[in-house]
file start.cif (mmCIF, C-alpha atoms)
data_my_file
#
loop_
_atom_site.label_atom_id
_atom_site.label_comp_id
_atom_site.auth_asym_id
_atom_site.auth_seq_id
_atom_site.Cartn_x
_atom_site.Cartn_y
_atom_site.Cartn_z
CA MET A 1 77.06 127.76 86.91
CA THR A 2 75.76 124.39 88.10
CA ASN A 3 79.31 123.02 88.39
CA ILE A 4 80.47 126.05 90.37
CA LEU A 5 77.53 125.73 92.76
CA THR A 6 78.22 121.99 93.16
CA VAL A 7 81.88 122.66 93.97
CA PHE A 8 81.05 125.02 96.82
CA LEU A 9 78.21 122.85 98.14
CA ILE A 10 80.52 119.83 98.36
CA LEU A 11 83.24 122.01 99.88
CA ALA A 12 80.97 123.41 102.62
CA LEU A 13 79.19 120.17 103.47
CA GLY A 14 82.42 118.16 103.29
CA TYR A 15 84.23 120.35 105.79
CA CYS A 16 81.23 120.25 108.12
CA LEU A 17 81.24 116.45 108.00
CA GLY A 18 85.00 116.31 108.36
CA SER A 19 84.93 118.44 111.50
CA LEU A 20 82.71 115.97 113.40
CA LYS A 21 84.57 113.81 115.91
CA LEU A 22 83.80 110.17 116.64
CA CYS A 23 85.83 108.49 119.39
CA GLY A 24 88.35 111.29 119.11
CA LEU A 25 88.77 110.81 115.35
CA LYS A 26 87.65 113.01 112.51
CA LEU A 27 87.77 112.69 108.74
CA GLY A 28 89.05 116.19 108.09
CA SER A 29 89.36 116.89 104.38
CA SER A 30 88.23 113.35 103.53
CA GLY A 31 84.73 114.37 104.57
CA ILE A 32 84.70 116.08 101.16
CA LEU A 33 85.18 112.69 99.51
CA LEU A 34 82.18 111.15 101.26
CA VAL A 35 79.93 114.07 100.37
CA ALA A 36 81.21 113.92 96.79
CA LEU A 37 80.34 110.20 96.62
CA ILE A 38 76.74 111.03 97.52
CA PHE A 39 76.59 113.80 94.93
CA GLY A 40 78.04 111.43 92.33
CA HIS A 41 75.48 108.76 93.19
CA PHE A 42 72.74 111.22 92.30
CA GLY A 43 74.38 112.06 88.99
CA MET A 44 76.21 115.29 89.85
CA VAL A 45 79.67 114.66 88.36
CA LEU A 46 82.23 117.43 88.08
CA PRO A 47 84.43 117.99 84.99
CA SER A 48 87.73 116.07 84.99
CA ILE A 49 89.70 119.31 84.94
CA ILE A 50 88.69 120.03 88.55
CA GLN A 51 90.23 116.79 89.80
CA GLU A 52 93.35 117.23 87.66
CA LEU A 53 93.78 120.87 88.70
CA GLY A 54 93.40 119.97 92.37
CA LEU A 55 95.88 117.11 92.16
CA THR A 56 98.43 119.30 90.36
CA ILE A 57 98.16 122.10 92.93
CA PHE A 58 98.35 119.66 95.84
CA VAL A 59 101.41 117.66 94.75
CA THR A 60 103.22 120.82 93.62
CA SER A 61 102.73 122.29 97.10
CA VAL A 62 103.86 119.06 98.75
CA GLY A 63 107.01 119.09 96.63
CA PHE A 64 107.84 122.63 97.79
CA ILE A 65 107.14 121.75 101.43
CA ALA A 66 109.30 118.61 101.37
CA GLY A 67 112.12 119.90 99.14
CA PRO A 68 114.37 121.63 101.72
CA THR A 69 114.81 118.42 103.76
CA PHE A 70 113.96 115.72 101.24
CA PHE A 71 117.37 115.05 99.70
CA ARG A 72 119.29 114.99 102.97
CA ASN A 73 116.74 112.78 104.73
CA PHE A 74 116.41 110.50 101.72
CA LYS A 75 120.18 109.97 101.63
CA GLY A 76 120.12 108.70 105.21
CA LYS A 77 116.97 106.56 104.88
CA ALA A 78 116.92 105.65 101.20
CA MET A 79 116.84 101.90 101.79
CA ALA A 80 113.92 102.22 104.21
CA TYR A 81 111.84 104.25 101.77
CA ILE A 82 112.59 101.97 98.82
CA VAL A 83 111.82 98.78 100.74
CA LEU A 84 108.61 100.18 102.21
CA GLY A 85 107.38 101.41 98.83
CA ILE A 86 107.97 97.99 97.26
CA LEU A 87 106.76 95.94 100.24
CA ILE A 88 103.43 97.74 100.62
CA ILE A 89 102.55 97.30 96.96
CA LEU A 90 103.69 93.67 96.80
CA THR A 91 101.63 92.84 99.88
CA GLY A 92 98.53 94.27 98.21
CA ALA A 93 99.38 92.34 95.03
CA ALA A 94 99.75 89.09 97.02
CA VAL A 95 96.28 89.57 98.52
CA CYS A 96 94.96 90.25 95.02
CA VAL A 97 96.37 86.95 93.71
CA LEU A 98 94.93 85.13 96.74
CA CYS A 99 91.56 86.70 95.99
CA ILE A 100 91.68 85.45 92.39
CA PHE A 101 92.92 81.98 93.25
CA THR A 102 90.70 81.14 96.23
CA PHE A 103 87.44 82.89 95.36
CA LYS A 104 87.62 82.63 91.56
CA ILE A 105 87.06 86.39 91.21
CA PRO A 106 87.79 87.48 87.61
CA THR A 107 91.32 88.82 87.25
CA PRO A 108 90.36 92.25 85.81
CA LEU A 109 87.90 92.80 88.66
CA ALA A 110 90.45 91.73 91.29
CA VAL A 111 93.22 93.92 89.85
CA GLY A 112 90.76 96.82 89.84
CA LEU A 113 90.08 96.12 93.52
CA MET A 114 93.82 96.22 94.23
CA THR A 115 94.36 99.54 92.49
CA GLY A 116 91.33 101.04 94.23
CA ALA A 117 92.46 99.74 97.63
CA LEU A 118 95.88 101.32 96.99
CA THR A 119 94.17 104.47 95.61
CA SER A 120 96.28 104.34 92.46
CA THR A 121 94.74 105.80 89.32
CA PRO A 122 97.89 105.06 87.26
CA GLY A 123 97.60 101.44 88.44
CA LEU A 124 94.00 101.35 87.27
CA ALA A 125 94.99 102.76 83.89
CA ALA A 126 97.65 100.05 83.56
CA ALA A 127 95.13 97.35 84.54
CA MET A 128 92.55 98.53 82.04
CA GLU A 129 95.14 98.73 79.29
CA ALA A 130 96.46 95.24 80.09
CA THR A 131 93.12 93.46 80.54
CA LYS A 132 91.05 95.40 78.00
CA ASP A 133 88.18 94.87 80.43
CA ALA A 134 85.91 97.51 82.02
CA ALA A 135 85.55 95.26 85.09
CA ALA A 136 88.83 96.74 86.35
CA SER A 137 87.17 100.15 86.76
CA ILE A 138 84.25 98.51 88.59
CA GLY A 139 86.63 96.92 91.09
CA TYR A 140 88.41 100.25 91.49
CA GLY A 141 85.13 102.02 92.25
CA ILE A 142 84.24 99.46 94.93
CA ALA A 143 87.57 99.54 96.78
CA TYR A 144 88.56 103.18 96.30
CA PRO A 145 86.28 104.84 98.89
CA PHE A 146 87.53 102.67 101.76
CA GLY A 147 91.04 102.86 100.31
CA VAL A 148 90.94 106.61 100.86
CA VAL A 149 89.03 106.70 104.16
CA GLY A 150 90.85 103.65 105.55
CA VAL A 151 94.31 105.19 105.18
CA VAL A 152 93.06 108.49 106.59
CA LEU A 153 91.70 106.73 109.68
CA PHE A 154 94.84 104.57 110.02
CA VAL A 155 97.19 107.56 110.22
CA GLN A 156 94.98 109.08 112.92
CA VAL A 157 94.39 105.92 114.96
CA VAL A 158 98.00 104.68 115.14
CA PRO A 159 99.42 107.76 116.95
CA LYS A 160 96.63 107.44 119.53
CA ILE A 161 97.27 103.73 120.12
CA PHE A 162 101.03 104.13 120.38
CA LYS A 163 101.05 107.55 122.00
CA ASN A 164 103.46 106.38 124.67
CA LYS A 165 105.76 104.92 122.05
CA ASN A 166 105.79 107.86 119.71
CA HIS A 167 109.45 107.91 118.85
CA LYS A 168 111.11 111.17 118.13
CA ALA A 169 112.74 111.26 114.76
CA VAL A 170 116.03 109.37 114.68
CA GLU A 171 117.44 112.34 112.92
CA GLU A 172 116.24 115.82 113.70
CA MET A 173 114.91 117.66 110.71
CA CYS A 174 117.61 119.44 108.83
CA VAL A 175 117.43 123.19 108.74
CA ILE A 176 118.74 124.52 105.47
CA ASP A 177 120.76 127.68 105.83
CA ASP A 178 119.91 130.08 103.08
CA LYS A 179 123.33 131.35 102.12
CA ILE A 180 121.91 133.56 99.42
CA LYS A 181 120.81 136.93 100.64
CA LYS A 182 117.27 137.76 99.65
CA SER A 183 118.42 141.10 98.28
CA GLN A 184 120.45 139.27 95.62
CA LEU A 185 117.39 137.44 94.26
CA PHE A 186 114.56 138.82 92.16
CA ASP A 187 110.98 138.06 93.23
CA VAL A 188 108.57 138.07 90.29
CA GLU A 189 105.69 138.55 92.75
CA PRO A 190 105.52 138.36 96.56
CA TYR A 191 103.00 135.53 97.07
CA GLY A 192 104.84 132.63 95.45
CA PHE A 193 102.32 131.89 92.69
CA PHE A 194 104.95 132.32 89.97
CA PRO A 195 107.20 129.49 91.24
CA LEU A 196 104.16 127.24 91.70
CA ALA A 197 102.98 127.95 88.15
CA VAL A 198 106.40 127.30 86.59
CA THR A 199 106.71 124.09 88.60
CA ALA A 200 103.28 122.91 87.48
CA ILE A 201 104.10 123.64 83.83
CA LEU A 202 107.37 121.69 83.87
CA GLY A 203 105.81 118.94 85.99
CA ILE A 204 102.98 118.43 83.51
CA LEU A 205 105.49 118.25 80.65
CA ILE A 206 107.58 115.69 82.57
CA ALA A 207 104.39 113.73 83.30
CA LYS A 208 103.86 113.20 79.58
CA ILE A 209 107.17 111.36 79.14
CA THR A 210 106.54 107.63 78.81
CA ILE A 211 108.95 104.74 79.38
CA PRO A 212 108.27 101.57 77.36
CA LEU A 213 107.71 98.40 79.40
CA PRO A 214 107.36 94.73 78.36
CA TYR A 215 104.24 93.47 76.59
CA GLY A 216 103.58 96.76 74.86
CA THR A 217 102.81 98.69 78.05
CA GLN A 218 104.39 101.91 79.26
CA PHE A 219 105.04 103.90 82.43
CA SER A 220 104.94 107.62 83.20
CA LEU A 221 105.04 109.73 86.34
CA GLY A 222 101.65 111.20 85.50
CA ILE A 223 100.14 114.36 86.93
CA SER A 224 100.64 113.08 90.47
CA GLY A 225 104.37 112.46 90.03
CA GLY A 226 105.68 115.07 87.58
CA PRO A 227 104.88 118.27 89.55
CA LEU A 228 105.96 116.55 92.77
CA ALA A 229 109.41 115.79 91.36
CA ILE A 230 109.93 119.30 89.95
CA GLY A 231 108.65 120.85 93.19
CA LEU A 232 111.22 118.88 95.21
CA ILE A 233 114.06 120.07 92.96
CA PHE A 234 113.00 123.72 92.77
CA SER A 235 112.38 123.96 96.50
CA HIS A 236 115.76 122.38 97.24
CA PHE A 237 117.72 124.89 95.14
CA GLY A 238 115.41 127.84 95.74
CA ARG A 239 116.39 129.76 92.63
CA ILE A 240 116.90 129.78 88.87
CA GLY A 241 119.80 132.11 88.22
CA ASN A 242 118.94 135.23 90.19
CA ILE A 243 115.17 134.55 90.13
CA SER A 244 113.80 133.45 93.49
CA LEU A 245 111.73 130.26 93.67
CA LYS A 246 110.82 130.69 97.32
CA VAL A 247 107.14 130.30 98.23
CA PRO A 248 105.79 131.67 101.54
CA LYS A 249 104.56 129.02 103.99
CA GLY A 250 101.10 130.58 104.10
CA THR A 251 100.75 130.24 100.34
CA LEU A 252 101.91 126.61 100.45
CA ASP A 253 99.46 125.72 103.23
CA ALA A 254 96.54 127.33 101.43
CA ALA A 255 97.46 125.84 98.04
CA ARG A 256 97.92 122.38 99.56
CA GLU A 257 94.50 122.40 101.22
CA PHE A 258 92.69 123.92 98.25
CA GLY A 259 94.25 121.47 95.81
CA LEU A 260 93.39 118.51 98.04
CA ALA A 261 89.76 119.65 98.31
CA LEU A 262 89.38 119.95 94.52
CA PHE A 263 90.98 116.55 93.98
CA LEU A 264 88.73 114.82 96.52
CA MET A 265 85.51 116.27 95.17
CA GLY A 266 86.42 115.40 91.58
CA ALA A 267 87.43 111.84 92.42
CA GLY A 268 84.45 111.35 94.72
CA THR A 269 81.75 112.39 92.27
CA LYS A 270 83.21 110.02 89.64
CA ALA A 271 83.44 107.06 92.01
CA GLY A 272 79.90 107.68 93.26
CA VAL A 273 78.37 106.95 89.84
CA GLY A 274 76.97 103.41 89.86
CA PHE A 275 78.63 102.59 93.18
CA ILE A 276 75.54 101.09 94.83
CA GLU A 277 74.55 99.22 91.68
CA THR A 278 78.01 97.67 91.42
CA LEU A 279 77.89 96.39 94.99
CA GLN A 280 74.46 94.91 94.40
CA GLN A 281 75.69 93.13 91.30
CA TYR A 282 78.92 91.63 92.66
CA GLY A 283 78.15 91.31 96.35
CA ILE A 284 79.67 92.55 99.58
CA ILE A 285 82.58 90.09 99.34
CA LEU A 286 84.36 92.42 96.90
CA PHE A 287 84.14 95.29 99.35
CA LEU A 288 85.58 93.06 102.10
CA TRP A 289 88.48 92.01 99.87
CA GLY A 290 89.11 95.67 99.16
CA ILE A 291 89.32 96.34 102.91
CA VAL A 292 91.89 93.54 103.31
CA MET A 293 93.95 94.92 100.41
CA THR A 294 93.97 98.32 102.11
CA VAL A 295 94.57 97.36 105.76
CA PHE A 296 97.01 94.45 105.48
CA PRO A 297 99.74 96.32 103.54
CA MET A 298 99.55 99.23 106.00
CA ILE A 299 99.98 96.97 109.04
CA ILE A 300 102.93 95.15 107.47
CA GLY A 301 104.48 98.43 106.34
CA TYR A 302 104.13 100.05 109.76
CA ILE A 303 105.68 97.10 111.61
CA ILE A 304 108.66 97.01 109.24
CA ALA A 305 109.11 100.80 109.40
CA ILE A 306 109.16 100.87 113.21
CA LYS A 307 110.80 97.57 114.12
CA ILE A 308 113.31 97.13 111.29
CA PHE A 309 114.14 100.65 110.10
CA HIS A 310 113.41 102.47 113.39
CA LEU A 311 111.63 105.38 111.73
CA SER A 312 109.75 107.89 113.84
CA THR A 313 105.99 107.38 114.03
CA LEU A 314 105.25 110.36 111.80
CA ASN A 315 107.93 109.37 109.30
CA ALA A 316 106.63 105.79 109.21
CA LEU A 317 103.04 106.92 108.68
CA SER A 318 104.01 109.39 105.96
CA SER A 319 105.93 106.59 104.22
CA ILE A 320 102.80 104.47 104.39
CA CYS A 321 100.84 107.34 102.82
CA GLY A 322 103.37 107.36 100.00
CA GLY A 323 103.37 103.57 99.72
CA MET A 324 99.57 103.58 99.50
CA THR A 325 99.81 106.51 97.03
CA SER A 326 97.26 108.30 99.21
CA THR A 327 97.28 112.09 98.92
CA PRO A 328 94.18 112.51 101.18
CA ALA A 329 95.88 110.58 103.98
CA LEU A 330 98.95 112.78 103.66
CA GLY A 331 96.69 115.80 104.02
CA ALA A 332 95.12 114.32 107.17
CA LEU A 333 98.52 113.49 108.64
CA MET A 334 99.80 117.00 108.00
CA GLN A 335 96.75 118.41 109.76
CA ILE A 336 97.35 116.43 112.98
CA SER A 337 101.15 116.77 113.07
CA ASP A 338 103.19 119.61 114.47
CA THR A 339 105.60 119.63 111.57
CA ASP A 340 105.23 119.33 107.81
CA ASP A 341 108.82 118.44 106.97
CA ASP A 342 109.11 115.03 108.66
CA VAL A 343 105.72 114.12 107.21
CA THR A 344 106.20 115.19 103.62
CA THR A 345 109.71 113.74 103.32
CA GLY A 346 108.58 110.14 103.87
CA TYR A 347 105.68 110.55 101.46
CA ALA A 348 107.72 112.19 98.73
CA ALA A 349 110.46 109.53 98.97
CA THR A 350 108.19 106.47 99.05
CA TYR A 351 105.54 107.61 96.58
CA PRO A 352 107.59 107.32 93.33
CA VAL A 353 108.73 103.79 94.24
CA ALA A 354 105.18 102.72 95.05
CA LEU A 355 103.85 104.35 91.88
CA ILE A 356 106.23 102.33 89.71
CA PHE A 357 105.52 99.04 91.45
CA VAL A 358 101.74 99.37 91.55
CA VAL A 359 101.78 99.86 87.77
CA LEU A 360 104.14 96.90 87.30
CA SER A 361 102.10 94.72 89.68
CA ALA A 362 98.85 95.51 87.88
CA GLN A 363 100.49 94.65 84.56
CA PHE A 364 102.13 91.48 85.85
CA ILE A 365 98.95 90.08 87.36
CA SER A 366 96.90 91.04 84.33
CA ILE A 367 99.24 89.92 81.55
CA ILE A 368 101.58 87.32 83.05
CA GLY A 369 99.70 86.26 86.16
CA MET A 370 96.44 85.36 84.43
CA PRO A 371 97.85 82.33 82.56
CA ILE A 372 99.79 81.18 85.63
CA ILE A 373 96.74 81.39 87.86
CA ALA A 374 94.66 79.60 85.24
CA LYS A 375 97.19 76.75 85.07
CA LEU A 376 97.36 76.45 88.86
CA SER A 377 93.57 76.32 89.06
CA SER A 378 93.47 73.59 86.40
CA ALA A 379 96.16 71.60 88.20
CA CYS A 380 94.30 71.81 91.49
CA ALA A 381 91.07 70.76 89.79
CA ALA A 382 92.84 67.75 88.23
CA ILE A 383 94.25 66.73 91.60
CA ASN A 384 90.82 66.93 93.20
CA LEU A 385 89.33 64.76 90.44
CA ALA A 386 92.11 62.21 90.85
CA ARG A 387 91.25 61.92 94.51
#

call {"tool": "encode", "arguments": {"input": "start.cif", "output": "structure tokens"}}
result
Amino acid sequence: MTNILTVFLILALGYCLGSLKLCGLKLGSSGILLVALIFGHFGMVLPSIIQELGLTIFVTSVGFIAGPTFFRNFKGKAMAYIVLGILIILTGAAVCVLCIFTFKIPTPLAVGLMTGALTSTPGLAAAMEATKDAAASIGYGIAYPFGVVGVVLFVQVVPKIFKNKNHKAVEEMCVIDDKIKKSQLFDVEPYGFFPLAVTAILGILIAKITIPLPYGTQFSLGISGGPLAIGLIFSHFGRIGNISLKVPKGTLDAAREFGLALFLMGAGTKAGVGFIETLQQYGIILFLWGIVMTVFPMIIGYIIAIKIFHLSTLNALSSICGGMTSTPALGALMQISDTDDDVTTGYAATYPVALIFVVLSAQFISIIGMPIIAKLSSACAAINLAR
């Protein structure tokens, strides 16, 4: 009963906070995260299943929203999405290495900061597995709140700054002609919950498949990637045999928002535990490094998306959401945009690439980078002594 009451308290207070405007900006659904952080600080942590359920519902809905246009748009802009996904993560990783090398911040703590700034739980899991050090989770907890809020604010601020340069999409969104008459397909139920449930089931099973990587580590799509991939495929084809997989737009909108809210409150209450104590112990410099790791990759990514690949503003921002693996920012962008398709396509295309590279980057810095950085530090120290 206490957990149920907490869920609805965070939900109500979070939406109230998110509706407040400051300089024309509002947090929207991310207000739930801030309220959840406060609840978590006072020891009110929700069961993990709430966060996992919310994430599954959200990414499944996003997959269904993006599916009809994803494959055609990806074919035309595949290089842009791949480059942006890699570039954003590598920029964050470069800042992480700089943080370790110049300020002598312990590698596990710095890698945790990077994964928190990029809001990547799989990256954190890879860092903790590689370093065998709980400091990674501390760094994640410090950088994660701004990592979420920072991307949310970025996707709202940029359209306002460049409102006179808001390019229309280079390619108009494709409209998929449904050549299959509805009368030929069988609807299990009219609200679309059956296709969502089947997608979630297969997505969770796919998420459990692991791919071995060097140094005894492994990679998997996880809960955030498995349902998304299956949702894209099912939505694209729209059927299994003569069984309809169509989901009404109203159901998708409601499921997307509800899933996002559950995910934010679950993640927020966990991150809120010991947050203040951690800052007091390690100092404000860690929080500042986390801000740099969040903001710098977004700026670089946006410039490349607009100037080099000539993406529309919405498409560029949605790609940044995917590159930063930020589901809350995608939710905020969808709320302020007039169309879901152009937004979800960039996210869905960039996210898998970023997911792979944030895991690899965390592993590289933790396992391979640590000895290299140690040797460079020793060499610099020897040079200074020689002088």

call {"tool": "axis_aligned_box", "arguments": {"input": "start.cif", "around": "stretch 242-253 of chain A", "padding_each_side": "6 Å", "output": "AutoDock Vina command-line options"}}
result
--center_x 109.2 --center_y 130.5 --center_z 97.1 --size_x 31.5 --size_y 21.5 --size_z 26.0

call {"tool": "atom_distance", "arguments": {"input": "start.cif", "atom1": "atom CA of A:Met114", "atom2": "atom CA of A:Ser61"}}
result
27.7 Å

call {"tool": "atom_distance", "arguments": {"input": "start.cif", "atom1": "atom CA of A:Ala12", "atom2": "atom CA of A:Lys160"}}
result
28.0 Å

call {"tool": "residues_around", "arguments": {"input": "start.cif", "residues": "A:Pro195", "least_positions_apart": "4", "cutoff": "12 Å", "atoms": "all atoms listed in the file", "output": "number ranges by chain"}}
result
A: 57, 60-61, 63-64, 186-191, 199-203, 227, 230-231, 233-235, 238-240, 243-248, 251-252

call {"tool": "residues_near_point", "arguments": {"input": "start.cif", "point": "(78.6, 109.3, 91.8)", "cutoff": "8 Å", "atoms": "all atoms listed in the file", "output": "tab-separated table (two decimals) with C-alpha atoms, in the frame of the given file"}}
result
chain	number	residue	atom	x	y	z
A	36	ALA	CA	81.21	113.92	96.79
A	37	LEU	CA	80.34	110.20	96.62
A	38	ILE	CA	76.74	111.03	97.52
A	39	PHE	CA	76.59	113.80	94.93
A	40	GLY	CA	78.04	111.43	92.33
A	41	HIS	CA	75.48	108.76	93.19
A	42	PHE	CA	72.74	111.22	92.30
A	43	GLY	CA	74.38	112.06	88.99
A	44	MET	CA	76.21	115.29	89.85
A	45	VAL	CA	79.67	114.66	88.36
A	268	GLY	CA	84.45	111.35	94.72
A	269	THR	CA	81.75	112.39	92.27
A	270	LYS	CA	83.21	110.02	89.64
A	271	ALA	CA	83.44	107.06	92.01
A	272	GLY	CA	79.90	107.68	93.26
A	273	VAL	CA	78.37	106.95	89.84
A	274	GLY	CA	76.97	103.41	89.86
A	275	PHE	CA	78.63	102.59	93.18

call {"tool": "atom_distance", "arguments": {"input": "start.cif", "atom1": "atom CA of A:Pro212", "atom2": "atom CA of A:Ala349"}}
result
23.1 Å

call {"tool": "closest_residue", "arguments": {"input": "start.cif", "among": "A:Lys77, A:Val35, A:Asn3, A:Glu52", "to": "A:Cys16", "atoms": "all atoms listed in the file"}}
result
A:Val35

call {"tool": "closest_residue", "arguments": {"input": "start.cif", "among": "A:Gly123, A:Phe194, A:Ile336, A:Lys208", "to": "A:Ser361", "atoms": "all atoms listed in the file"}}
result
A:Gly123

call {"tool": "closest_atom_pairs", "arguments": {"input": "start.cif", "of": "stretch 242-289 of chain A", "to": "stretch 84-96 of chain A", "cutoff": "12 Å", "atoms": "only C-alpha atoms", "output": "CSV"}}
result
residue,atom,partner,partner_atom,distance
A:Leu286,CA,A:Cys96,CA,11.0
A:Leu288,CA,A:Val95,CA,11.8
A:Trp289,CA,A:Cys96,CA,8.3

call {"tool": "closest_residue", "arguments": {"input": "start.cif", "among": "A:Thr294, A:Gln156, A:Thr327, A:Gln363", "to": "A:Leu262", "atoms": "all atoms listed in the file"}}
result
A:Thr327

call {"tool": "closest_residue", "arguments": {"input": "start.cif", "among": "A:Ser318, A:Thr344, A:Gln280, A:Thr313", "to": "A:Pro68", "atoms": "all atoms listed in the file"}}
result
A:Thr344

call {"tool": "closest_residue", "arguments": {"input": "start.cif", "among": "A:Val152, A:Ile138, A:Leu228, A:Ile10", "to": "A:Thr345", "atoms": "all atoms listed in the file"}}
result
A:Leu228

call {"tool": "closest_residue", "arguments": {"input": "start.cif", "among": "A:Val158, A:Leu9, A:Val97, A:Ile4", "to": "A:Ile303", "atoms": "only C-alpha atoms"}}
result
A:Val158

call {"tool": "residues_near_point", "arguments": {"input": "start.cif", "point": "(91.2, 114.8, 106.1)", "cutoff": "12 Å", "atoms": "all atoms listed in the file", "output": "PyMOL selection string"}}
result
chain A and resi 14-21+25-34+148-156+257+260-261+264+326-336

call {"tool": "resolve_selection", "arguments": {"input": "start.cif", "expression": "the PyMOL selection byres ((chain A and resi 352) around 9)", "output": "PyMOL selection string"}}
result
chain A and resi 85+221+225+229+322-323+325+347-351+353-357
